[in-house]
>>> print(open('target_8.csv').read())   # CSV, N, CA and C atoms
chain,number,residue,atom,x,y,z
A,838,VAL,N,-2.1,-16.3,4.3
A,838,VAL,CA,-2.5,-15.2,3.5
A,838,VAL,C,-1.4,-14.8,2.5
A,839,GLN,N,-1.8,-14.6,1.3
A,839,GLN,CA,-0.9,-14.2,0.2
A,839,GLN,C,-1.3,-12.9,-0.3
A,840,LEU,N,-0.3,-12.0,-0.6
A,840,LEU,CA,-0.6,-10.7,-1.1
A,840,LEU,C,0.1,-10.6,-2.5
A,841,GLN,N,-0.7,-10.2,-3.4
A,841,GLN,CA,-0.1,-10.0,-4.8
A,841,GLN,C,-0.2,-8.5,-5.1
A,842,ALA,N,1.0,-7.9,-5.2
A,842,ALA,CA,1.1,-6.4,-5.5
A,842,ALA,C,1.4,-6.3,-7.0
A,843,SER,N,0.8,-5.2,-7.6
A,843,SER,CA,1.1,-5.0,-9.0
A,843,SER,C,0.9,-3.5,-9.2
A,844,GLY,N,1.4,-3.0,-10.4
A,844,GLY,CA,1.2,-1.7,-10.8
A,844,GLY,C,2.4,-0.8,-10.8
A,845,GLY,N,3.5,-1.2,-10.3
A,845,GLY,CA,4.7,-0.4,-10.3
A,845,GLY,C,5.2,-0.2,-11.7
A,846,GLY,N,6.2,0.7,-11.8
A,846,GLY,CA,6.8,1.0,-13.1
A,846,GLY,C,7.5,2.3,-13.1
A,847,LEU,N,7.9,2.8,-14.3
A,847,LEU,CA,8.6,4.0,-14.5
A,847,LEU,C,7.7,5.1,-15.0
A,848,VAL,N,7.8,6.2,-14.3
A,848,VAL,CA,6.9,7.4,-14.7
A,848,VAL,C,7.7,8.6,-14.6
A,849,GLN,N,7.3,9.6,-15.3
A,849,GLN,CA,8.0,10.9,-15.2
A,849,GLN,C,7.4,11.7,-14.0
A,850,ALA,N,8.2,12.6,-13.5
A,850,ALA,CA,7.7,13.5,-12.4
A,850,ALA,C,6.4,14.2,-12.9
A,851,GLY,N,5.5,14.2,-11.9
A,851,GLY,CA,4.2,14.8,-12.3
A,851,GLY,C,3.1,13.8,-12.8
A,852,GLY,N,3.6,12.6,-13.1
A,852,GLY,CA,2.7,11.6,-13.6
A,852,GLY,C,2.0,10.8,-12.5
A,853,SER,N,1.3,9.8,-13.0
A,853,SER,CA,0.5,9.0,-12.0
A,853,SER,C,0.7,7.5,-12.2
A,854,LEU,N,0.5,6.7,-11.2
A,854,LEU,CA,0.5,5.3,-11.2
A,854,LEU,C,-0.6,4.8,-10.2
A,855,ARG,N,-1.1,3.6,-10.5
A,855,ARG,CA,-2.0,3.0,-9.6
A,855,ARG,C,-1.5,1.6,-9.2
A,856,LEU,N,-1.3,1.4,-7.9
A,856,LEU,CA,-0.9,0.1,-7.4
A,856,LEU,C,-2.1,-0.7,-6.9
A,857,SER,N,-2.0,-2.0,-7.0
A,857,SER,CA,-3.1,-2.9,-6.5
A,857,SER,C,-2.4,-3.9,-5.6
A,858,CYS,N,-3.2,-4.3,-4.6
A,858,CYS,CA,-2.8,-5.3,-3.7
A,858,CYS,C,-3.9,-6.2,-3.4
A,859,ALA,N,-3.8,-7.5,-3.9
A,859,ALA,CA,-4.9,-8.4,-3.7
A,859,ALA,C,-4.5,-9.4,-2.7
A,860,ALA,N,-5.4,-9.6,-1.7
A,860,ALA,CA,-5.2,-10.5,-0.6
A,860,ALA,C,-6.0,-11.8,-0.8
A,861,SER,N,-5.3,-12.9,-0.7
A,861,SER,CA,-6.1,-14.2,-0.8
A,861,SER,C,-5.7,-15.1,0.3
A,862,GLY,N,-6.6,-16.0,0.6
A,862,GLY,CA,-6.4,-17.0,1.7
A,862,GLY,C,-6.8,-16.5,3.1
A,863,SER,N,-7.4,-15.4,3.2
A,863,SER,CA,-7.8,-14.9,4.5
A,863,SER,C,-9.3,-15.3,4.8
A,864,SER,N,-9.5,-15.9,5.9
A,864,SER,CA,-10.8,-16.2,6.3
A,864,SER,C,-11.5,-15.2,7.2
A,865,PHE,N,-10.8,-14.0,7.3
A,865,PHE,CA,-11.3,-13.0,8.1
A,865,PHE,C,-11.7,-11.8,7.3
A,866,SER,N,-12.6,-11.0,7.7
A,866,SER,CA,-13.0,-9.8,6.9
A,866,SER,C,-12.5,-8.5,7.6
A,867,ASN,N,-12.1,-8.6,8.9
A,867,ASN,CA,-11.7,-7.5,9.6
A,867,ASN,C,-10.2,-7.4,9.6
A,868,TYR,N,-9.6,-6.6,8.7
A,868,TYR,CA,-8.2,-6.5,8.6
A,868,TYR,C,-7.8,-5.2,7.9
A,869,ILE,N,-6.6,-4.7,8.1
A,869,ILE,CA,-6.1,-3.5,7.5
A,869,ILE,C,-5.3,-3.9,6.3
A,870,LEU,N,-5.4,-3.2,5.2
A,870,LEU,CA,-4.5,-3.3,4.1
A,870,LEU,C,-3.7,-2.0,4.0
A,871,GLY,N,-2.4,-2.1,3.7
A,871,GLY,CA,-1.7,-0.9,3.7
A,871,GLY,C,-0.5,-0.9,2.7
A,872,TRP,N,0.0,0.2,2.4
A,872,TRP,CA,1.2,0.4,1.5
A,872,TRP,C,2.3,1.0,2.3
A,873,TYR,N,3.4,0.4,2.2
A,873,TYR,CA,4.6,1.0,2.8
A,873,TYR,C,5.7,1.1,1.7
A,874,ARG,N,6.7,1.9,1.9
A,874,ARG,CA,7.7,2.0,0.9
A,874,ARG,C,9.1,2.0,1.5
A,875,GLN,N,10.1,1.6,0.7
A,875,GLN,CA,11.5,1.6,1.1
A,875,GLN,C,12.4,2.0,0.0
A,876,ALA,N,13.0,3.1,0.2
A,876,ALA,CA,14.0,3.6,-0.8
A,876,ALA,C,15.4,3.0,-0.4
A,877,PRO,N,16.3,3.0,-1.3
A,877,PRO,CA,17.7,2.4,-1.0
A,877,PRO,C,18.3,3.2,0.1
A,878,GLY,N,18.8,2.5,1.1
A,878,GLY,CA,19.5,3.1,2.2
A,878,GLY,C,18.6,3.7,3.3
A,879,THR,N,17.3,3.5,3.2
A,879,THR,CA,16.4,4.0,4.2
A,879,THR,C,15.5,2.9,4.8
A,880,GLU,N,14.9,3.2,5.8
A,880,GLU,CA,14.0,2.3,6.5
A,880,GLU,C,12.6,2.3,5.8
A,881,ARG,N,11.9,1.2,5.9
A,881,ARG,CA,10.6,1.1,5.4
A,881,ARG,C,9.7,2.0,6.1
A,882,GLU,N,8.8,2.7,5.4
A,882,GLU,CA,7.9,3.7,6.0
A,882,GLU,C,6.5,3.6,5.5
A,883,LEU,N,5.6,4.0,6.4
A,883,LEU,CA,4.2,3.9,6.0
A,883,LEU,C,3.9,4.9,4.9
A,884,VAL,N,3.0,4.5,4.0
A,884,VAL,CA,2.5,5.4,3.0
A,884,VAL,C,1.0,5.7,3.3
A,885,ALA,N,0.2,4.6,3.3
A,885,ALA,CA,-1.2,4.7,3.6
A,885,ALA,C,-1.8,3.4,4.0
A,886,THR,N,-2.8,3.4,4.8
A,886,THR,CA,-3.6,2.2,5.1
A,886,THR,C,-5.1,2.5,5.0
A,887,VAL,N,-5.8,1.4,4.9
A,887,VAL,CA,-7.3,1.4,4.8
A,887,VAL,C,-7.8,0.2,5.6
A,888,SER,N,-8.8,0.5,6.4
A,888,SER,CA,-9.4,-0.6,7.2
A,888,SER,C,-10.5,-1.2,6.4
A,889,SER,N,-11.0,-2.3,6.9
A,889,SER,CA,-12.1,-3.0,6.3
A,889,SER,C,-13.4,-2.1,6.3
A,890,GLY,N,-13.4,-1.2,7.2
A,890,GLY,CA,-14.6,-0.2,7.3
A,890,GLY,C,-14.4,1.0,6.5
A,891,GLY,N,-13.2,1.1,5.8
A,891,GLY,CA,-12.9,2.3,5.0
A,891,GLY,C,-12.2,3.4,5.6
A,892,THR,N,-11.8,3.3,6.8
A,892,THR,CA,-11.0,4.3,7.5
A,892,THR,C,-9.6,4.4,6.9
A,893,THR,N,-9.2,5.5,6.5
A,893,THR,CA,-7.8,5.7,5.9
A,893,THR,C,-6.9,6.4,6.8
A,894,ASN,N,-5.6,6.2,6.5
A,894,ASN,CA,-4.5,6.9,7.2
A,894,ASN,C,-3.4,7.1,6.2
A,895,TYR,N,-2.9,8.3,6.2
A,895,TYR,CA,-1.8,8.7,5.2
A,895,TYR,C,-0.6,9.3,5.9
A,896,ALA,N,0.5,9.0,5.3
A,896,ALA,CA,1.7,9.7,5.7
A,896,ALA,C,1.6,11.2,5.3
A,897,ASP,N,2.2,12.1,6.0
A,897,ASP,CA,2.1,13.5,5.6
A,897,ASP,C,2.6,13.8,4.3
A,898,PHE,N,3.6,13.1,3.9
A,898,PHE,CA,4.3,13.4,2.6
A,898,PHE,C,3.5,13.0,1.4
A,899,VAL,N,2.4,12.3,1.6
A,899,VAL,CA,1.5,11.9,0.4
A,899,VAL,C,0.1,12.5,0.5
A,900,LYS,N,-0.2,13.2,1.5
A,900,LYS,CA,-1.5,13.8,1.6
A,900,LYS,C,-1.8,14.7,0.5
A,901,GLY,N,-2.9,14.6,-0.1
A,901,GLY,CA,-3.3,15.4,-1.3
A,901,GLY,C,-2.8,14.9,-2.6
A,902,ARG,N,-1.9,13.9,-2.6
A,902,ARG,CA,-1.4,13.4,-3.8
A,902,ARG,C,-1.8,11.9,-4.0
A,903,PHE,N,-1.8,11.1,-3.0
A,903,PHE,CA,-2.1,9.7,-3.0
A,903,PHE,C,-3.5,9.4,-2.4
A,904,THR,N,-4.2,8.5,-3.0
A,904,THR,CA,-5.5,8.0,-2.4
A,904,THR,C,-5.5,6.5,-2.3
A,905,ILE,N,-5.8,6.0,-1.1
A,905,ILE,CA,-5.9,4.6,-1.0
A,905,ILE,C,-7.4,4.2,-0.9
A,906,SER,N,-7.8,3.1,-1.5
A,906,SER,CA,-9.2,2.7,-1.5
A,906,SER,C,-9.2,1.2,-1.4
A,907,ARG,N,-10.4,0.6,-1.3
A,907,ARG,CA,-10.4,-0.8,-1.0
A,907,ARG,C,-11.7,-1.4,-1.6
A,908,ASP,N,-11.7,-2.5,-2.1
A,908,ASP,CA,-12.8,-3.3,-2.6
A,908,ASP,C,-12.9,-4.5,-1.8
A,909,ASN,N,-13.8,-4.6,-0.8
A,909,ASN,CA,-13.8,-5.7,0.1
A,909,ASN,C,-14.3,-7.0,-0.6
A,910,ARG,N,-15.1,-6.8,-1.7
A,910,ARG,CA,-15.6,-8.0,-2.4
A,910,ARG,C,-14.4,-8.7,-3.1
A,911,LEU,N,-13.4,-7.9,-3.5
A,911,LEU,CA,-12.3,-8.5,-4.2
A,911,LEU,C,-11.1,-8.6,-3.2
A,912,ASN,N,-11.2,-8.2,-2.0
A,912,ASN,CA,-10.1,-8.3,-1.0
A,912,ASN,C,-8.9,-7.5,-1.6
A,913,THR,N,-9.1,-6.4,-2.2
A,913,THR,CA,-8.1,-5.7,-2.9
A,913,THR,C,-8.0,-4.2,-2.5
A,914,ALA,N,-6.8,-3.7,-2.3
A,914,ALA,CA,-6.6,-2.3,-2.0
A,914,ALA,C,-5.9,-1.7,-3.2
A,915,TYR,N,-6.2,-0.4,-3.4
A,915,TYR,CA,-5.6,0.3,-4.5
A,915,TYR,C,-4.9,1.6,-3.9
A,916,LEU,N,-3.8,1.9,-4.5
A,916,LEU,CA,-3.2,3.2,-4.2
A,916,LEU,C,-3.0,4.0,-5.4
A,917,GLN,N,-3.8,5.0,-5.6
A,917,GLN,CA,-3.7,5.9,-6.7
A,917,GLN,C,-2.7,7.0,-6.3
A,918,MET,N,-1.6,7.1,-7.1
A,918,MET,CA,-0.5,8.0,-6.9
A,918,MET,C,-0.5,9.0,-8.0
A,919,ASN,N,-0.8,10.3,-7.6
A,919,ASN,CA,-0.7,11.4,-8.6
A,919,ASN,C,0.4,12.4,-8.2
A,920,SER,N,0.7,13.2,-9.1
A,920,SER,CA,1.7,14.3,-8.9
A,920,SER,C,3.0,13.6,-8.3
A,921,LEU,N,3.4,12.6,-8.9
A,921,LEU,CA,4.6,11.8,-8.4
A,921,LEU,C,5.9,12.7,-8.5
A,922,LYS,N,6.7,12.5,-7.5
A,922,LYS,CA,8.0,13.2,-7.4
A,922,LYS,C,9.1,12.2,-7.4
A,923,PRO,N,10.3,12.6,-7.8
A,923,PRO,CA,11.5,11.7,-7.8
A,923,PRO,C,11.7,11.1,-6.5
A,924,GLU,N,11.4,11.8,-5.4
A,924,GLU,CA,11.6,11.3,-4.1
A,924,GLU,C,10.6,10.2,-3.7
A,925,ASP,N,9.6,10.0,-4.5
A,925,ASP,CA,8.6,8.9,-4.3
A,925,ASP,C,9.2,7.5,-4.8
A,926,THR,N,10.4,7.6,-5.5
A,926,THR,CA,11.0,6.4,-6.0
A,926,THR,C,11.3,5.5,-4.8
A,927,ALA,N,10.8,4.2,-4.9
A,927,ALA,CA,11.0,3.2,-3.8
A,927,ALA,C,10.4,1.9,-4.3
A,928,VAL,N,10.7,0.9,-3.5
A,928,VAL,CA,9.9,-0.3,-3.6
A,928,VAL,C,8.7,-0.2,-2.7
A,929,TYR,N,7.5,-0.4,-3.2
A,929,TYR,CA,6.3,-0.3,-2.4
A,929,TYR,C,5.8,-1.7,-2.1
A,930,TYR,N,5.6,-1.8,-0.8
A,930,TYR,CA,5.1,-3.1,-0.2
A,930,TYR,C,3.7,-3.0,0.3
A,931,CYS,N,3.0,-4.1,0.0
A,931,CYS,CA,1.6,-4.2,0.6
A,931,CYS,C,1.7,-5.0,1.9
A,932,ARG,N,0.8,-4.6,2.8
A,932,ARG,CA,0.8,-5.3,4.1
A,932,ARG,C,-0.6,-5.6,4.5
A,933,TYR,N,-0.8,-6.8,5.0
A,933,TYR,CA,-2.1,-7.2,5.6
A,933,TYR,C,-1.9,-7.3,7.1
A,934,LEU,N,-2.7,-6.6,7.8
A,934,LEU,CA,-2.5,-6.5,9.3
A,934,LEU,C,-3.9,-6.7,10.0
A,935,ARG,N,-3.9,-7.7,10.8
A,935,ARG,CA,-5.1,-7.9,11.7
A,935,ARG,C,-4.7,-7.7,13.1
A,936,ARG,N,-5.3,-6.7,13.8
A,936,ARG,CA,-4.8,-6.4,15.1
A,936,ARG,C,-5.6,-7.1,16.2
A,937,VAL,N,-6.7,-7.7,15.9
A,937,VAL,CA,-7.4,-8.4,16.9
A,937,VAL,C,-7.1,-9.9,16.8
A,938,THR,N,-7.4,-10.6,17.9
A,938,THR,CA,-7.1,-12.1,17.9
A,938,THR,C,-7.9,-12.8,16.8
A,939,PRO,N,-7.2,-13.7,16.1
A,939,PRO,CA,-5.8,-13.9,16.0
A,939,PRO,C,-5.1,-12.7,15.3
A,940,VAL,N,-4.0,-12.3,15.9
A,940,VAL,CA,-3.2,-11.2,15.2
A,940,VAL,C,-2.4,-11.8,14.1
A,941,LEU,N,-2.6,-11.2,12.9
A,941,LEU,CA,-1.9,-11.6,11.7
A,941,LEU,C,-1.2,-10.5,11.0
A,942,ASP,N,0.0,-10.7,10.4
A,942,ASP,CA,0.8,-9.7,9.8
A,942,ASP,C,1.5,-10.3,8.7
A,943,TYR,N,1.2,-9.9,7.4
A,943,TYR,CA,1.8,-10.5,6.2
A,943,TYR,C,2.2,-9.3,5.3
A,944,TRP,N,3.3,-9.6,4.6
A,944,TRP,CA,3.8,-8.6,3.6
A,944,TRP,C,3.8,-9.2,2.2
A,945,GLY,N,3.6,-8.4,1.2
A,945,GLY,CA,3.7,-8.8,-0.2
A,945,GLY,C,5.1,-8.6,-0.6
A,946,GLN,N,5.4,-9.0,-1.9
A,946,GLN,CA,6.7,-9.1,-2.4
A,946,GLN,C,7.3,-7.7,-2.8
A,947,GLY,N,6.5,-6.7,-2.9
A,947,GLY,CA,7.0,-5.4,-3.3
A,947,GLY,C,7.0,-5.1,-4.8
A,948,THR,N,6.7,-3.9,-5.1
A,948,THR,CA,6.7,-3.5,-6.5
A,948,THR,C,7.4,-2.2,-6.6
A,949,LEU,N,8.3,-2.1,-7.6
A,949,LEU,CA,9.2,-0.9,-7.8
A,949,LEU,C,8.5,0.2,-8.5
A,950,VAL,N,8.6,1.4,-7.9
A,950,VAL,CA,8.1,2.6,-8.5
A,950,VAL,C,9.3,3.5,-8.7
A,951,THR,N,9.5,3.9,-10.0
A,951,THR,CA,10.6,4.8,-10.3
A,951,THR,C,10.1,6.1,-10.9
A,952,VAL,N,10.4,7.2,-10.3
A,952,VAL,CA,9.9,8.5,-10.9
A,952,VAL,C,11.1,9.3,-11.4
A,953,SER,N,11.1,9.5,-12.7
A,953,SER,CA,12.3,10.2,-13.3
A,953,SER,C,12.0,11.7,-13.3
A,954,SER,N,13.1,12.5,-13.2
A,954,SER,CA,12.9,14.0,-13.1
A,954,SER,C,13.0,14.6,-14.5
>>> encode(input="target_8.csv", output="structure tokens")
Amino acid sequence: VQLQASGGGLVQAGGSLRLSCAASGSSFSNYILGWYRQAPGTERELVATVSSGGTTNYADFVKGRFTISRDNRLNTAYLQMNSLKPEDTAVYYCRYLRRVTPVLDYWGQGTLVTVSS
């Protein structure tokens, strides 16, 4: 499975960005796509996930500001980020996770989001 993440960039505080994560090479339809982020000197943390059935999960610090969605026909997940804050600055990583047999876990290359104050 390969993950292609895109959409990062530089934005001012209060602005918006939309990240995309396209999964290819998967022969399964039942898997989770998620976004995680890692700022310098910190551990990678969950931002949001979406299941193949559309169930979403968000970190508390993005609730009400970020929205994750998914297009199963395109095997692509989107993260719409609004009201961005400087503390949202990080490398955002896409993750493909399948929890049932066969268990599969893949990470994308990361895309940098920089929010200026």
>>> residues_around(input="target_8.csv", residues="region 881-895 of chain A", least_positions_apart="2", cutoff="7 Å", atoms="only C-alpha atoms", output="list in words")
Ser866, Asn867, Tyr868, Ile869, Leu870, Gly871, Trp872, Tyr873, Arg874, Gln875, Thr879, Asp897, Val899, Lys900, Ile905, Ser906, Arg907 and Asn909 of chain A
>>> residues_around(input="target_8.csv", residues="Met918 (chain A)", least_positions_apart="3", cutoff="7 Å", atoms="only C-alpha atoms", output="JSON, numbers by chain")
{"A": [853, 854, 855, 902, 903, 904, 921]}
>>> atom_distance(input="target_8.csv", atom1="atom N of Gly945 (chain A)", atom2="atom N of Ser863 (chain A)")
13.2 Å
>>> residues_around(input="target_8.csv", residues="Ala860 (chain A)", least_positions_apart="2", cutoff="5 Å", atoms="all atoms listed in the file", output="list in words")
Gln839, Leu840, Cys858, Gly862, Asn912 and Thr913 of chain A
>>> atom_distance(input="target_8.csv", atom1="CA of Asp908 (chain A)", atom2="CA of Ser920 (chain A)")
23.7 Å
>>> atom_distance(input="target_8.csv", atom1="atom N of Trp944 (chain A)", atom2="atom C of Ala842 (chain A)")
12.2 Å
>>> residues_around(input="target_8.csv", residues="Ala927 (chain A)", least_positions_apart="6", cutoff="6 Å", atoms="only N, CA and C atoms", output="ChimeraX atom specification")
/A:874-877,948-951
>>> select_by_dssp(input="target_8.csv", residues="chain A", states="strand (DSSP E or B)", output="PyMOL selection string")
chain A and resi 839-843+846-849+854-861+869-875+882-887+893-895+903-908+913-918+927-935+941-944+948-953
